[in-house]
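*Asks:* Sharing model16.csv here; it has CSV, C-alpha atoms.
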chain,number,residue,atom,x,y,z
N,1,THR,CA,-35.3,13.3,-23.4
N,2,GLN,CA,-34.0,10.1,-24.8
N,3,LEU,CA,-36.6,7.3,-24.8
N,4,LEU,CA,-36.2,3.6,-25.5
N,5,GLU,CA,-39.2,1.5,-26.5
N,6,GLN,CA,-39.0,-2.2,-26.1
N,7,SER,CA,-41.3,-4.7,-27.9
N,8,PRO,CA,-43.1,-6.9,-27.3
N,9,GLN,CA,-43.8,-6.1,-23.6
N,10,PHE,CA,-44.6,-9.7,-22.9
N,11,LEU,CA,-43.7,-12.9,-24.7
N,12,SER,CA,-44.6,-16.5,-23.9
N,13,ILE,CA,-43.2,-19.3,-26.0
N,14,GLN,CA,-42.5,-23.0,-25.8
N,15,GLU,CA,-39.1,-24.4,-25.2
N,16,GLY,CA,-37.2,-24.8,-28.5
N,17,GLU,CA,-38.7,-21.9,-30.3
N,18,ASN,CA,-36.8,-18.9,-31.6
N,19,LEU,CA,-37.6,-15.3,-30.7
N,20,THR,CA,-36.6,-11.7,-31.3
N,21,VAL,CA,-37.1,-8.7,-29.1
N,22,TYR,CA,-36.6,-5.1,-30.1
N,23,CYS,CA,-35.3,-1.9,-28.6
N,24,ASN,CA,-36.0,1.3,-30.6
N,25,SER,CA,-35.4,5.0,-30.1
N,26,SER,CA,-35.3,8.2,-32.1
N,27,SER,CA,-32.1,9.1,-30.4
N,28,VAL,CA,-28.5,8.1,-31.2
N,29,PHE,CA,-26.6,6.3,-28.5
N,30,SER,CA,-22.9,6.1,-28.0
N,31,SER,CA,-23.4,2.5,-26.7
N,32,LEU,CA,-26.2,0.2,-25.8
N,33,GLN,CA,-26.4,-2.5,-23.2
N,34,TRP,CA,-28.7,-5.5,-22.8
N,35,TYR,CA,-29.4,-6.8,-19.3
N,36,ARG,CA,-31.4,-9.7,-18.0
N,37,GLN,CA,-33.2,-9.3,-14.6
N,38,GLU,CA,-34.9,-11.9,-12.4
N,39,PRO,CA,-37.5,-11.0,-9.7
N,40,GLY,CA,-35.9,-9.5,-6.6
N,41,GLU,CA,-32.5,-9.1,-8.2
N,42,GLY,CA,-30.6,-6.4,-10.0
N,43,PRO,CA,-30.1,-6.4,-13.8
N,44,VAL,CA,-27.2,-8.6,-15.0
N,45,LEU,CA,-25.2,-7.3,-18.0
N,46,LEU,CA,-25.4,-9.5,-21.1
N,47,VAL,CA,-23.6,-7.5,-23.7
N,48,THR,CA,-22.5,-4.0,-24.8
N,49,VAL,CA,-22.6,-2.9,-28.4
N,50,VAL,CA,-20.8,0.3,-29.5
N,51,THR,CA,-20.4,0.3,-33.3
N,52,GLY,CA,-23.3,0.8,-35.8
N,53,GLY,CA,-24.2,-2.5,-37.4
N,54,GLU,CA,-22.3,-4.5,-34.8
N,55,VAL,CA,-23.4,-8.1,-34.2
N,56,LYS,CA,-22.4,-10.0,-31.1
N,57,LYS,CA,-23.1,-13.5,-30.2
N,58,LEU,CA,-23.3,-15.0,-26.7
N,59,LYS,CA,-24.1,-18.8,-27.0
N,60,ARG,CA,-27.7,-18.9,-28.3
N,61,LEU,CA,-28.2,-15.1,-28.0
N,62,THR,CA,-27.4,-12.8,-30.9
N,63,PHE,CA,-27.4,-9.0,-30.4
N,64,GLN,CA,-27.4,-6.4,-33.2
N,65,PHE,CA,-26.9,-2.7,-33.0
N,66,GLY,CA,-28.6,-0.7,-35.8
N,67,ASP,CA,-26.5,1.0,-38.4
N,68,ALA,CA,-27.6,4.5,-37.1
N,69,ARG,CA,-27.1,3.4,-33.5
N,70,LYS,CA,-30.7,4.2,-32.6
N,71,ASP,CA,-32.0,0.6,-32.2
N,72,SER,CA,-31.1,-2.9,-31.3
N,73,SER,CA,-32.4,-6.4,-31.3
N,74,LEU,CA,-31.9,-9.5,-29.3
N,75,HIS,CA,-32.5,-12.9,-31.0
N,76,ILE,CA,-32.6,-16.1,-29.0
N,77,THR,CA,-32.3,-19.5,-30.7
N,78,ALA,CA,-33.9,-22.6,-29.3
N,79,ALA,CA,-35.2,-20.9,-26.1
N,80,GLN,CA,-34.9,-22.8,-22.8
N,81,PRO,CA,-36.8,-22.3,-19.6
N,82,GLY,CA,-33.7,-20.9,-18.1
N,83,ASP,CA,-34.0,-17.9,-20.5
N,84,THR,CA,-37.1,-16.8,-18.6
N,85,GLY,CA,-36.7,-13.3,-17.3
N,86,LEU,CA,-37.0,-9.6,-17.9
N,87,TYR,CA,-34.8,-8.4,-20.8
N,88,LEU,CA,-33.8,-4.7,-20.6
N,89,CYS,CA,-32.0,-2.5,-23.0
N,90,ALA,CA,-30.2,0.6,-21.9
N,91,GLY,CA,-28.6,3.4,-24.0
N,92,VAL,CA,-25.8,5.8,-23.1
N,93,GLY,CA,-26.1,9.2,-24.8
N,94,SER,CA,-23.4,11.3,-26.3
N,95,ASN,CA,-22.8,13.0,-22.9
N,96,ALA,CA,-21.5,9.6,-21.7
N,97,GLY,CA,-23.2,9.8,-18.3
N,98,LYS,CA,-26.4,8.1,-17.2
N,99,SER,CA,-28.1,5.2,-18.9
N,100,THR,CA,-31.6,5.4,-20.2
N,101,PHE,CA,-33.6,2.2,-19.8
N,102,GLY,CA,-36.5,0.7,-21.7
N,103,ASP,CA,-39.3,-0.9,-19.8
N,104,GLY,CA,-38.2,-4.3,-20.8
N,105,THR,CA,-39.6,-7.5,-22.4
N,106,THR,CA,-40.8,-10.1,-20.0
N,107,LEU,CA,-40.0,-13.5,-21.5
N,108,THR,CA,-41.6,-16.8,-20.3
N,109,VAL,CA,-40.3,-20.0,-21.8
N,110,LYS,CA,-42.5,-23.0,-21.1
N,111,PRO,CA,-41.0,-26.5,-20.8
Q,1,ASP,CA,-16.1,-9.5,-3.2
Q,2,THR,CA,-16.3,-9.0,-6.9
Q,3,GLY,CA,-19.8,-7.4,-7.2
Q,4,VAL,CA,-21.8,-4.4,-6.2
Q,5,SER,CA,-23.4,-4.8,-2.7
Q,6,GLN,CA,-26.4,-3.0,-1.3
Q,7,ASP,CA,-27.6,-2.8,2.2
Q,8,PRO,CA,-30.3,-3.4,3.4
Q,9,ARG,CA,-32.0,-5.7,0.9
Q,10,HIS,CA,-35.4,-4.9,2.3
Q,11,LYS,CA,-36.7,-1.9,4.3
Q,12,ILE,CA,-40.2,-1.5,5.6
Q,13,THR,CA,-41.0,1.8,7.3
Q,14,LYS,CA,-43.9,4.1,8.1
Q,15,ARG,CA,-44.8,7.1,6.1
Q,16,GLY,CA,-42.9,10.2,7.3
Q,17,GLN,CA,-39.8,8.3,8.5
Q,18,ASN,CA,-36.3,8.8,7.1
Q,19,VAL,CA,-34.4,6.0,5.5
Q,20,THR,CA,-30.8,5.5,4.4
Q,21,PHE,CA,-29.4,3.0,2.0
Q,22,ARG,CA,-25.8,2.0,1.4
Q,23,CYS,CA,-24.0,0.9,-1.8
Q,24,ASP,CA,-20.5,-0.5,-2.0
Q,25,PRO,CA,-19.4,-0.5,-5.7
Q,26,ILE,CA,-16.9,-2.7,-7.4
Q,27,SER,CA,-13.6,-1.5,-5.9
Q,28,GLU,CA,-11.8,-0.3,-9.0
Q,29,HIS,CA,-14.9,1.5,-10.4
Q,30,ASN,CA,-14.8,5.3,-10.1
Q,31,ARG,CA,-18.4,5.9,-11.2
Q,32,LEU,CA,-21.5,5.1,-9.1
Q,33,TYR,CA,-25.1,5.4,-10.1
Q,34,TRP,CA,-28.4,5.3,-8.3
Q,35,TYR,CA,-31.7,4.2,-10.0
Q,36,ARG,CA,-35.2,3.6,-8.9
Q,37,GLN,CA,-37.4,0.8,-10.4
Q,38,THR,CA,-41.1,0.2,-9.9
Q,39,LEU,CA,-43.0,-2.8,-10.9
Q,40,GLY,CA,-43.4,-3.2,-14.7
Q,41,GLN,CA,-40.9,-0.5,-15.5
Q,42,GLY,CA,-37.2,-0.3,-16.3
Q,43,PRO,CA,-34.8,1.5,-13.9
Q,44,GLU,CA,-35.1,5.3,-13.8
Q,45,PHE,CA,-31.9,7.3,-13.3
Q,46,LEU,CA,-31.6,9.3,-10.1
Q,47,THR,CA,-28.0,10.5,-9.8
Q,48,TYR,CA,-24.4,9.5,-10.4
Q,49,PHE,CA,-21.0,10.2,-9.0
Q,50,GLN,CA,-17.5,10.2,-10.5
Q,51,ASN,CA,-15.2,9.7,-7.5
Q,52,GLU,CA,-16.7,11.9,-4.8
Q,53,ALA,CA,-18.2,14.5,-7.2
Q,54,GLN,CA,-22.0,14.3,-7.9
Q,55,LEU,CA,-22.1,15.0,-11.6
Q,56,GLU,CA,-25.8,14.7,-12.5
Q,57,LYS,CA,-29.1,14.6,-10.7
Q,58,SER,CA,-32.5,13.8,-12.2
Q,59,ARG,CA,-35.5,16.0,-11.7
Q,60,LEU,CA,-37.0,12.9,-10.1
Q,61,LEU,CA,-34.6,13.5,-7.2
Q,62,SER,CA,-36.7,15.8,-5.1
Q,63,ASP,CA,-35.4,17.8,-2.2
Q,64,ARG,CA,-36.3,14.9,0.1
Q,65,PHE,CA,-33.7,12.8,-1.6
Q,66,SER,CA,-29.9,13.2,-1.0
Q,67,ALA,CA,-27.0,11.1,-2.0
Q,68,GLU,CA,-23.4,11.3,-0.9
Q,69,ARG,CA,-20.1,9.6,-1.8
Q,70,PRO,CA,-17.8,11.3,0.6
Q,71,LYS,CA,-14.6,9.3,0.0
Q,72,GLY,CA,-15.2,8.2,-3.5
Q,73,SER,CA,-15.9,4.6,-2.5
Q,74,PHE,CA,-19.3,3.7,-0.9
Q,75,SER,CA,-22.4,5.8,-1.3
Q,76,THR,CA,-25.5,6.5,0.7
Q,77,LEU,CA,-28.9,7.5,-0.5
Q,78,GLU,CA,-31.2,9.1,2.1
Q,79,ILE,CA,-34.9,9.7,1.7
Q,80,GLN,CA,-36.4,12.1,4.3
Q,81,ARG,CA,-40.1,12.2,5.2
Q,82,THR,CA,-40.9,9.2,3.1
Q,83,GLU,CA,-44.2,9.0,1.1
Q,84,GLN,CA,-46.1,6.0,-0.2
Q,85,GLY,CA,-45.0,6.9,-3.7
Q,86,ASP,CA,-41.4,6.3,-2.6
Q,87,SER,CA,-42.1,2.5,-2.5
Q,88,ALA,CA,-39.8,1.0,-5.1
Q,89,MET,CA,-36.6,-0.9,-5.7
Q,90,TYR,CA,-33.6,1.3,-5.3
Q,91,LEU,CA,-30.7,0.0,-7.5
Q,92,CYS,CA,-27.0,1.0,-7.4
Q,93,ALA,CA,-24.6,0.4,-10.2
Q,94,SER,CA,-20.9,1.1,-10.8
Q,95,SER,CA,-18.7,1.4,-13.8
Q,96,LEU,CA,-15.3,2.7,-15.0
Q,97,ALA,CA,-15.3,6.1,-16.7
Q,98,PRO,CA,-15.9,7.1,-19.4
Q,99,GLY,CA,-19.7,6.7,-19.2
Q,100,ASN,CA,-20.1,4.3,-22.1
Q,101,GLN,CA,-18.5,1.6,-20.0
Q,102,PRO,CA,-21.1,-1.0,-19.0
Q,103,GLN,CA,-22.7,-0.6,-15.6
Q,104,HIS,CA,-22.8,-3.4,-13.1
Q,105,PHE,CA,-25.7,-3.5,-10.7
Q,106,GLY,CA,-26.3,-4.6,-7.2
Q,107,ASP,CA,-29.4,-6.5,-6.2
Q,108,GLY,CA,-31.1,-3.4,-4.9
Q,109,THR,CA,-32.9,-2.3,-1.7
Q,110,ARG,CA,-36.7,-2.9,-1.8
Q,111,LEU,CA,-38.4,-0.1,0.1
Q,112,SER,CA,-42.0,-0.5,1.3
Q,113,ILE,CA,-43.8,2.4,2.9
Q,114,LEU,CA,-46.7,1.5,5.1
Before anything else, please render the file you have as structure tokens.

*Replies:*
Amino acid sequence: TQLLEQSPQFLSIQEGENLTVYCNSSSVFSSLQWYRQEPGEGPVLLVTVVTGGEVKKLKRLTFQFGDARKDSSLHITAAQPGDTGLYLCAGVGSNAGKSTFGDGTTLTVKP
Amino acid sequence: DTGVSQDPRHKITKRGQNVTFRCDPISEHNRLYWYRQTLGQGPEFLTYFQNEAQLEKSRLLSDRFSAERPKGSFSTLEIQRTEQGDSAMYLCASSLAPGNQPQHFGDGTRLSIL
């Protein structure tokens, strides 16, 4: 069974601060996605990473895929209240079928 | 319509009743996935289709659950003899094959069992 552990589970910060959240596994994934989910809505795709060591930037968000393709991180610079939400990582295994999700990091950015 | 749509958005029913949910994927996507999400957890995989073929089912999908995608377009998920433990958000996602293509989610159906 492939498991993804996300940390921290909850994070509350002030507007303007930087933060990093982590997604770790003992399994290798062929790709990994990060999603953001708001209450009552479905997850919205932020990024897909495929290559070990890959770094992708999306405005103030920086995503990194570990060299061994077992872990990933999401760094947010100068967080804003609009960044508040549940951040989920999901990995696709070598069988290229279902995605395995972590339980997410709930981020609250206070104005 | 450029996104995944799910119907209904909310369903409240009494224990023991049958319920059916519908998912319309992004039109050019040949893969369709069903997940279940409870409060404080990430989505849990239930099943997925490629075109009309159901390729994988989770052991979470008991014999009370059945999913179909008869024409390779929309899909239905039926739960028979609902139990209180079935209360959850049921999410549908679609993607292109192969499976490492990103999945795009609908806003889910919130099921509440009284």

*Asks:* What lies within 6 Å of N:Phe63 using only C-alpha atoms, ignoring chain neighbours under 3 positions off, as a list in words?

*Replies:*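 Here the qualifying residues turn out to be Val55, Lys56, Ser73 and Leu74 of chain N.
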
*Asks:* Here is a test: counting all atoms listed in the file, which residue of Q:His104, Q:Arg69, Q:Arg64, Q:Arg15 is nearest to chain N?

*Replies:*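 Closest to chain N of all the choices is Q:His104.
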
*Asks:* Name all residues at most 10 Å from N:Glu41 (count only C-alpha atoms; drop same-chain ones fewer than 6 positions away) and give them as a PyMOL selection string.

*Replies:* chain Q and resi 9+89+91+105-110

*Asks:* Go through Q:Gln37, Q:Thr20, Q:Asn51, Q:Ser58 and flag the residue nearest N:Gly104, using only C-alpha atoms for the distances.

*Replies:* Q:Gln37

*Asks:* What separation in Å, quoted to one decimal, exists between atom CA of N:Val109 and atom CA of N:Asp83?

*Replies:*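 Calculated distance between atom CA of N:Val109 and atom CA of N:Asp83 is 6.8 Å.
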
*Asks:* Report the closest atom pair, with its distance in Å rounded to one decimal, for each residue of chain N that has an atom no farther than 6 Å from chain Q; count only C-alpha atoms, sort by chain and then rising residue number, and write it as a tab-separated table.

*Replies:*
residue	atom	partner	partner_atom	distance
N:Ser31	CA	Q:Asn100	CA	5.9
N:Glu41	CA	Q:Asp107	CA	4.5
N:Gly42	CA	Q:Asp107	CA	4.0
N:Val92	CA	Q:Asn100	CA	6.0
N:Ala96	CA	Q:Gly99	CA	4.2
N:Gly97	CA	Q:Gly99	CA	4.8
N:Phe101	CA	Q:Gly42	CA	5.6
N:Gly102	CA	Q:Gly42	CA	5.5
N:Asp103	CA	Q:Gly42	CA	4.1

*Asks:* Identify, on the basis of all atoms listed in the file, every residue whose closest approach to N:Leu61 does not exceed 10 Å; exclude the query and any residue fewer than 4 positions from it along the same chain; express the result as a list in words.

*Replies:*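 Near N:Leu61, the qualifying residues are Leu19, Thr20, Leu46, Val47, Lys56, Lys57, Leu74, His75, Ile76, Thr77, Ala78, Ala79 and Asp83 of chain N.
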
*Asks:* Which residue, Q:Ser87, Q:Thr82, Q:Ser95, Q:Gln17, has the smallest gap to Q:Ser112 when you use only C-alpha atoms?

*Replies:*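 Of Q:Ser87, Q:Thr82, Q:Ser95, Q:Gln17, the one nearest Q:Ser112 is Q:Ser87, counting only C-alpha atoms.
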
*Asks:* Would you mind reading off the distance between atom CA of Q:Pro8 and atom CA of Q:Gln84, one decimal, in Å?

*Replies:*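 Here the two named atoms are 18.7 Å from each other.
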
*Asks:* Using all atoms listed in the file, find the one residue out of Q:Ala88, Q:Ser62, Q:Ala53, Q:Glu78 that sits nearest to N:Gly40.

*Replies:*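 Smallest separation from N:Gly40 among the options: Q:Ala88.
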
*Asks:* One decimal, in Å: what's the spacing between atom CA of Q:Ile79 and atom CA of Q:Pro25?

*Replies:*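 Straight-line distance from atom CA of Q:Ile79 to atom CA of Q:Pro25 works out to 20.0 Å.
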
*Asks:* Find the residue from Q:Leu77, Q:Ile12, Q:Leu96, Q:Ile26 that sits nearest to Q:Phe65; use only C-alpha atoms when measuring.

*Replies:*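 Checking each of Q:Leu77, Q:Ile12, Q:Leu96, Q:Ile26 against Q:Phe65, counting only C-alpha atoms, the winner is Q:Leu77.
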
*Asks:* Restricting the calculation to all atoms listed in the file: of N:Gln37, N:Thr106, N:Arg60, N:Lys98, which residue gets closest to N:Phe10?

*Replies:*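 The closest residue to N:Phe10 is N:Thr106.
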